[in-house]
Amino acid sequence: MINLVQNEMTKLIGKRRFIIISVIIIVLLSMFSYAQAKQSESTKERLGTVDWRTELQQEIVDMQNRLSSAGQWREQIQIQIKQSQYYLDNDINPAEPGAPSFIRGFVQNSAELFLPLLIMIIAVDLVSSERSMGTIKLLLTRPVSRFNILLSKYIALVLSVSLVIFLFGLFSYLISAMMFGNQGWSAPVLTGFSSEGGELDISGVRLVSQWQYIIQQFGLAWFIALVVGTLSFMLSILMRSSAAGMGTMLACLISGAILSNMVSSWDSAKYLFMVNLGLMDYVSGSAPPIEGMTLGFSLTVLAAWMIGSLLVSFAVFMRKDIY
Amino acid sequence: MSEITLSVKGLRKVIGKRMIIKDLSFELKRGEVFGFLGPNGAGKTTTIRMLVGLIKPTSGTIQICGLDISKHFTRAMKHLGCIVENPELYPFLTGMENLRHFAVMINGISQERIDEVVRLVGMQDRVNDKVSTYSLGMRQRLGIAQALLGKPDVLILDEPTNGLDPSGIREMRAFIRFLAEEEGLTVLVSSHLLHEIQLMCDRVAIISKGEIIRVDSVNVLLSSEERLIWRMMPHMLGKSILSELTAVVDEAEDTITTAYSVDAVGEWNRRLVEAGVNVLEMNRKLPALEDLFLELTGGESID
């Protein structure tokens, strides 16, 4: 089995897939980090000579004054004070964040579309390319069962997903650390929002260190990528042409992004996988597309889609006549 | 030498409502080259794909070295090497990487064995180049190297000389004979080129519209259709004498054809001479498999 997986990885490397993906990541990262640097530069100019420390100190004092009359907002304000105090204590300008803040924003924005797209580059022709090249005939006439052949391909896909997420993290760390400096890993970040009955419930809100938050983000990004990868994998078995598979998958992803803004009253849409890909929004505190959706719910729906498409993949692949 | 290595019984394939392969049965023995001859669309490739496990038969059994491929697929496949249609290999890998890729899918293939098959097909010089730079002939050879890796007992080659130049075809033919005679492999070769099959195979199955019309050794098939061509002076008298003795067919303006018969030919000739006919030419003619094929399939076109 290890040999078979190794074979699949050799082929992916031979096709230069990882190099293409790395180049895409690096180009995009450079663009984004440059834009971010420009932005913070202009903010600095706007603020002029005012020392950010004095300003932040003032904000903290204001918040403390409001604390006694805040009522139900008391807790939230306390959290904000804590956050600001941290920046002050550690000499971090909140308007001029370090590498971790950049990574946090970048992962947040890439997890739903950009990362799945990179995974699709690998997954969508994992099987269909063997068919279009004709090499599937050699592959399936070895003394190896079809189940094992497909399993080795799927394991290779899981490894590739992990590798791509790792490369993504590594490059974004290297580039952003270069551009913004390496400070702020333990800066506190708000998380734990949930929504109930249409209102943001902040009772569960807590502060976590930025590095914890980023690890959580990467975990979720990995899961999203794996789900999209598994679905593309199924399409690459069902469809002869990689382009058709790619198109179908892209349509799904984009429709997901559009639907998320439209489906608030179409309740059963919450069982569609593409509406559930916004896992990041749960942690950052945006309202879910449909009321009643929670992180746990979305994870379950995605897992169900993943298992379903795996079952279809294996059932079809093991029975299919190869012409 | 009569050990049966590949046995096919009652093989059928139905797609939709059409029966594409109708009840094929045949057996292959160790050390023979067996030809599978039929026009395009006769079902050669479908049959071959069923033999190698790419298509599931609707009914019937296929046994390789006594192992039923639908029950013991992986064990049966250990005895089989094949190229189905073109030898498609990974163009972005080198020849050696391709061979290693397929070698690890069979247990216990050493680097020595890989080097051995590379030498066998004469690819030492180019094996470390990318396959995308190979000519078709080199791909064909690499394809054969890949098929031989696991020391198979049965080798199935679909259109092995397709796209090769004349010297490549001759080499391939010699190589296939070598594998069968020296290494004791059973080789199943499919082709729509009759000439090819005639030169290469011991036995041949003629297949048309999904059915085997005839299975026999090439020699028997050809000799059953031997003819004799006569040129005589005067032509008309000779013809009338011969037509009393046997069936006569006009070949050209001044020649006629009769069946060839070892026992009777001498007598026919004597009768002609006695009647004063001058026999200018008696020419025994082995038919090309082509004629035979046209006859058996009722004139169905070959290409």
# chains A, B, ... in the order shown; residues from 1 in each chain; ligands from 1
>>> residues_around(residues="Asn86 in chain B", least_positions_apart="3", cutoff="8 Å", atoms="only C-alpha atoms", output="JSON list (two decimals) with C-alpha atoms, in the first residue's frame")
[["chain", "number", "residue", "atom", "x", "y", "z"],
["B", 83, "ILE", "CA", -0.68, -4.11, -23.78],
["B", 140, "GLN", "CA", 5.96, 0.00, -28.00],
["B", 158, "ASP", "CA", -3.40, -5.82, -28.94],
["B", 159, "GLU", "CA", -2.20, -4.69, -32.38]]
>>> interface_residues(of="chain B", to="chain A", cutoff="8 Å", atoms="only C-alpha atoms", output="ChimeraX atom specification")
/B:46,49,52-56,73-78,82-84,88-90,92-93,101-102,104-106
>>> atom_distance(atom1="CA of Pro160 in chain B", atom2="CA of Glu196 in chain B")
10.0 Å
>>> residues_around(residues="Leu148 in chain B", least_positions_apart="5", cutoff="12 Å", atoms="only C-alpha atoms", output="ChimeraX atom specification")
/A:142 /B:78-83,99,102-103,106,109,113-121,141-143,153-157,176,179,183,185,187
>>> residues_around(residues="Tyr213 in chain A", least_positions_apart="6", cutoff="10 Å", atoms="only C-alpha atoms", output="PyMOL selection string")
chain A and resi 100+104+185-191+207+219+283-284
>>> write_last_selection(atoms="N, CA and C atoms", output="mmCIF file, in the first residue's frame")
data_model
loop_
_atom_site.group_PDB
_atom_site.id
_atom_site.type_symbol
_atom_site.label_atom_id
_atom_site.label_comp_id
_atom_site.auth_asym_id
_atom_site.auth_seq_id
_atom_site.Cartn_x
_atom_site.Cartn_y
_atom_site.Cartn_z
ATOM 1 N N PRO A 100 1.360 37.333 12.182
ATOM 2 C CA PRO A 100 0.206 36.506 12.553
ATOM 3 C C PRO A 100 -1.136 37.118 12.152
ATOM 4 N N ARG A 104 -3.772 35.439 9.699
ATOM 5 C CA ARG A 104 -5.138 35.203 10.153
ATOM 6 C C ARG A 104 -6.146 35.711 9.113
ATOM 7 N N TRP A 185 2.320 36.927 18.171
ATOM 8 C CA TRP A 185 1.780 35.565 18.133
ATOM 9 C C TRP A 185 0.820 35.296 19.280
ATOM 10 N N SER A 186 1.107 35.929 20.440
ATOM 11 C CA SER A 186 0.213 35.621 21.560
ATOM 12 C C SER A 186 -0.795 36.740 21.804
ATOM 13 N N ALA A 187 -0.942 37.640 20.821
ATOM 14 C CA ALA A 187 -1.966 38.678 20.951
ATOM 15 C C ALA A 187 -3.340 38.035 21.087
ATOM 16 N N PRO A 188 -4.201 38.614 21.914
ATOM 17 C CA PRO A 188 -5.503 37.986 22.120
ATOM 18 C C PRO A 188 -6.468 38.281 20.966
ATOM 19 N N VAL A 189 -7.267 37.287 20.646
ATOM 20 C CA VAL A 189 -8.258 37.412 19.579
ATOM 21 C C VAL A 189 -9.600 36.960 20.132
ATOM 22 N N LEU A 190 -10.643 37.659 19.721
ATOM 23 C CA LEU A 190 -11.974 37.283 20.174
ATOM 24 C C LEU A 190 -12.487 36.095 19.394
ATOM 25 N N THR A 191 -13.078 35.130 20.101
ATOM 26 C CA THR A 191 -13.728 34.027 19.396
ATOM 27 C C THR A 191 -14.849 33.496 20.271
ATOM 28 N N LEU A 207 -11.300 35.231 24.917
ATOM 29 C CA LEU A 207 -10.066 35.619 24.241
ATOM 30 C C LEU A 207 -9.144 34.422 24.134
ATOM 31 N N GLY A 219 -6.799 24.220 10.881
ATOM 32 C CA GLY A 219 -7.517 22.953 11.003
ATOM 33 C C GLY A 219 -8.786 22.973 10.174
ATOM 34 N N VAL A 283 -16.029 31.033 13.600
ATOM 35 C CA VAL A 283 -15.034 31.422 14.603
ATOM 36 C C VAL A 283 -14.839 32.926 14.672
ATOM 37 N N SER A 284 -14.982 33.594 13.520
ATOM 38 C CA SER A 284 -14.732 35.035 13.551
ATOM 39 C C SER A 284 -15.965 35.803 14.002
#
>>> select_by_dssp(residues="range 130-187 of chain B", states="strand (DSSP E)", output="JSON, numbers by chain")
{"B": [154, 155, 156, 157, 158, 186, 187]}
>>> write_last_selection(atoms="C-alpha atoms", output="mmCIF file, in the first residue's frame")
data_model
loop_
_atom_site.group_PDB
_atom_site.id
_atom_site.type_symbol
_atom_site.label_atom_id
_atom_site.label_comp_id
_atom_site.auth_asym_id
_atom_site.auth_seq_id
_atom_site.Cartn_x
_atom_site.Cartn_y
_atom_site.Cartn_z
ATOM 1 C CA VAL B 154 0.475 -15.313 -20.882
ATOM 2 C CA LEU B 155 1.219 -12.212 -22.889
ATOM 3 C CA ILE B 156 -1.638 -10.377 -24.553
ATOM 4 C CA LEU B 157 -0.739 -7.856 -27.226
ATOM 5 C CA ASP B 158 -3.400 -5.819 -28.944
ATOM 6 C CA THR B 186 1.705 -18.033 -24.577
ATOM 7 C CA VAL B 187 1.228 -14.979 -26.744
#
>>> select_by_dssp(residues="range 6-75 of chain A", states="alpha helix (DSSP H)", output="PyMOL selection string")
chain A and resi 6-14+17-47+52-67+74-75
>>> residues_around(residues="range 310-312 of chain A", least_positions_apart="2", cutoff="10 Å", atoms="only C-alpha atoms", output="PyMOL selection string")
chain A and resi 151+154+230-231+233-235+237-238+304-308+314-317
>>> closest_residue(among="A:Ser242, A:Thr248, A:Asn182, A:Ser298", to="Phe102 in chain A", atoms="only C-alpha atoms")
A:Asn182
>>> atom_distance(atom1="CA of Ser236 in chain A", atom2="CA of Ile26 in chain A")
27.2 Å
>>> atom_distance(atom1="CA of Met282 in chain B", atom2="CA of Leu221 in chain B")
22.1 Å
>>> residues_around(residues="Gly163 in chain B", least_positions_apart="5", cutoff="12 Å", atoms="only C-alpha atoms", output="JSON, numbers by chain")
{"B": [85, 86, 87, 135, 136, 137, 138, 139, 140, 168, 169, 172]}
>>> decode(residues="range 160-176 of chain B", atoms="N, CA and C atoms", output="mmCIF file, in the first residue's frame")
data_model
loop_
_atom_site.group_PDB
_atom_site.id
_atom_site.type_symbol
_atom_site.label_atom_id
_atom_site.label_comp_id
_atom_site.auth_asym_id
_atom_site.auth_seq_id
_atom_site.Cartn_x
_atom_site.Cartn_y
_atom_site.Cartn_z
ATOM 1 N N PRO B 160 0.139 -5.291 -31.894
ATOM 2 C CA PRO B 160 1.503 -4.967 -31.469
ATOM 3 C C PRO B 160 2.329 -4.257 -32.530
ATOM 4 N N THR B 161 1.977 -4.391 -33.809
ATOM 5 C CA THR B 161 2.820 -3.779 -34.826
ATOM 6 C C THR B 161 2.228 -2.489 -35.357
ATOM 7 N N ASN B 162 1.147 -2.056 -34.727
ATOM 8 C CA ASN B 162 0.491 -0.820 -35.138
ATOM 9 C C ASN B 162 1.465 0.350 -35.104
ATOM 10 N N GLY B 163 1.598 1.024 -36.206
ATOM 11 C CA GLY B 163 2.400 2.242 -36.216
ATOM 12 C C GLY B 163 3.900 2.032 -36.284
ATOM 13 N N LEU B 164 4.334 0.780 -36.396
ATOM 14 C CA LEU B 164 5.783 0.556 -36.488
ATOM 15 C C LEU B 164 6.226 0.607 -37.951
ATOM 16 N N ASP B 165 7.500 0.970 -38.168
ATOM 17 C CA ASP B 165 8.019 0.950 -39.537
ATOM 18 C C ASP B 165 8.385 -0.486 -39.904
ATOM 19 N N PRO B 166 8.635 -0.756 -41.178
ATOM 20 C CA PRO B 166 8.841 -2.152 -41.609
ATOM 21 C C PRO B 166 9.905 -2.888 -40.809
ATOM 22 N N SER B 167 11.026 -2.229 -40.509
ATOM 23 C CA SER B 167 12.065 -2.959 -39.774
ATOM 24 C C SER B 167 11.597 -3.195 -38.335
ATOM 25 N N GLY B 168 10.844 -2.240 -37.805
ATOM 26 C CA GLY B 168 10.284 -2.415 -36.464
ATOM 27 C C GLY B 168 9.321 -3.588 -36.431
ATOM 28 N N ILE B 169 8.521 -3.714 -37.489
ATOM 29 C CA ILE B 169 7.557 -4.810 -37.554
ATOM 30 C C ILE B 169 8.283 -6.150 -37.586
ATOM 31 N N ARG B 170 9.359 -6.197 -38.387
ATOM 32 C CA ARG B 170 10.101 -7.452 -38.491
ATOM 33 C C ARG B 170 10.728 -7.815 -37.144
ATOM 34 N N GLU B 171 11.285 -6.805 -36.490
ATOM 35 C CA GLU B 171 11.887 -7.031 -35.170
ATOM 36 C C GLU B 171 10.853 -7.544 -34.172
ATOM 37 N N MET B 172 9.709 -6.886 -34.184
ATOM 38 C CA MET B 172 8.643 -7.253 -33.258
ATOM 39 C C MET B 172 8.196 -8.687 -33.483
ATOM 40 N N ARG B 173 8.095 -9.048 -34.758
ATOM 41 C CA ARG B 173 7.657 -10.388 -35.110
ATOM 42 C C ARG B 173 8.660 -11.411 -34.571
ATOM 43 N N ALA B 174 9.948 -11.131 -34.813
ATOM 44 C CA ALA B 174 10.991 -12.045 -34.355
ATOM 45 C C ALA B 174 10.969 -12.136 -32.828
ATOM 46 N N PHE B 175 10.737 -11.004 -32.203
ATOM 47 C CA PHE B 175 10.734 -10.962 -30.741
ATOM 48 C C PHE B 175 9.593 -11.796 -30.176
ATOM 49 N N ILE B 176 8.441 -11.691 -30.799
ATOM 50 C CA ILE B 176 7.279 -12.459 -30.326
ATOM 51 C C ILE B 176 7.517 -13.957 -30.504
#
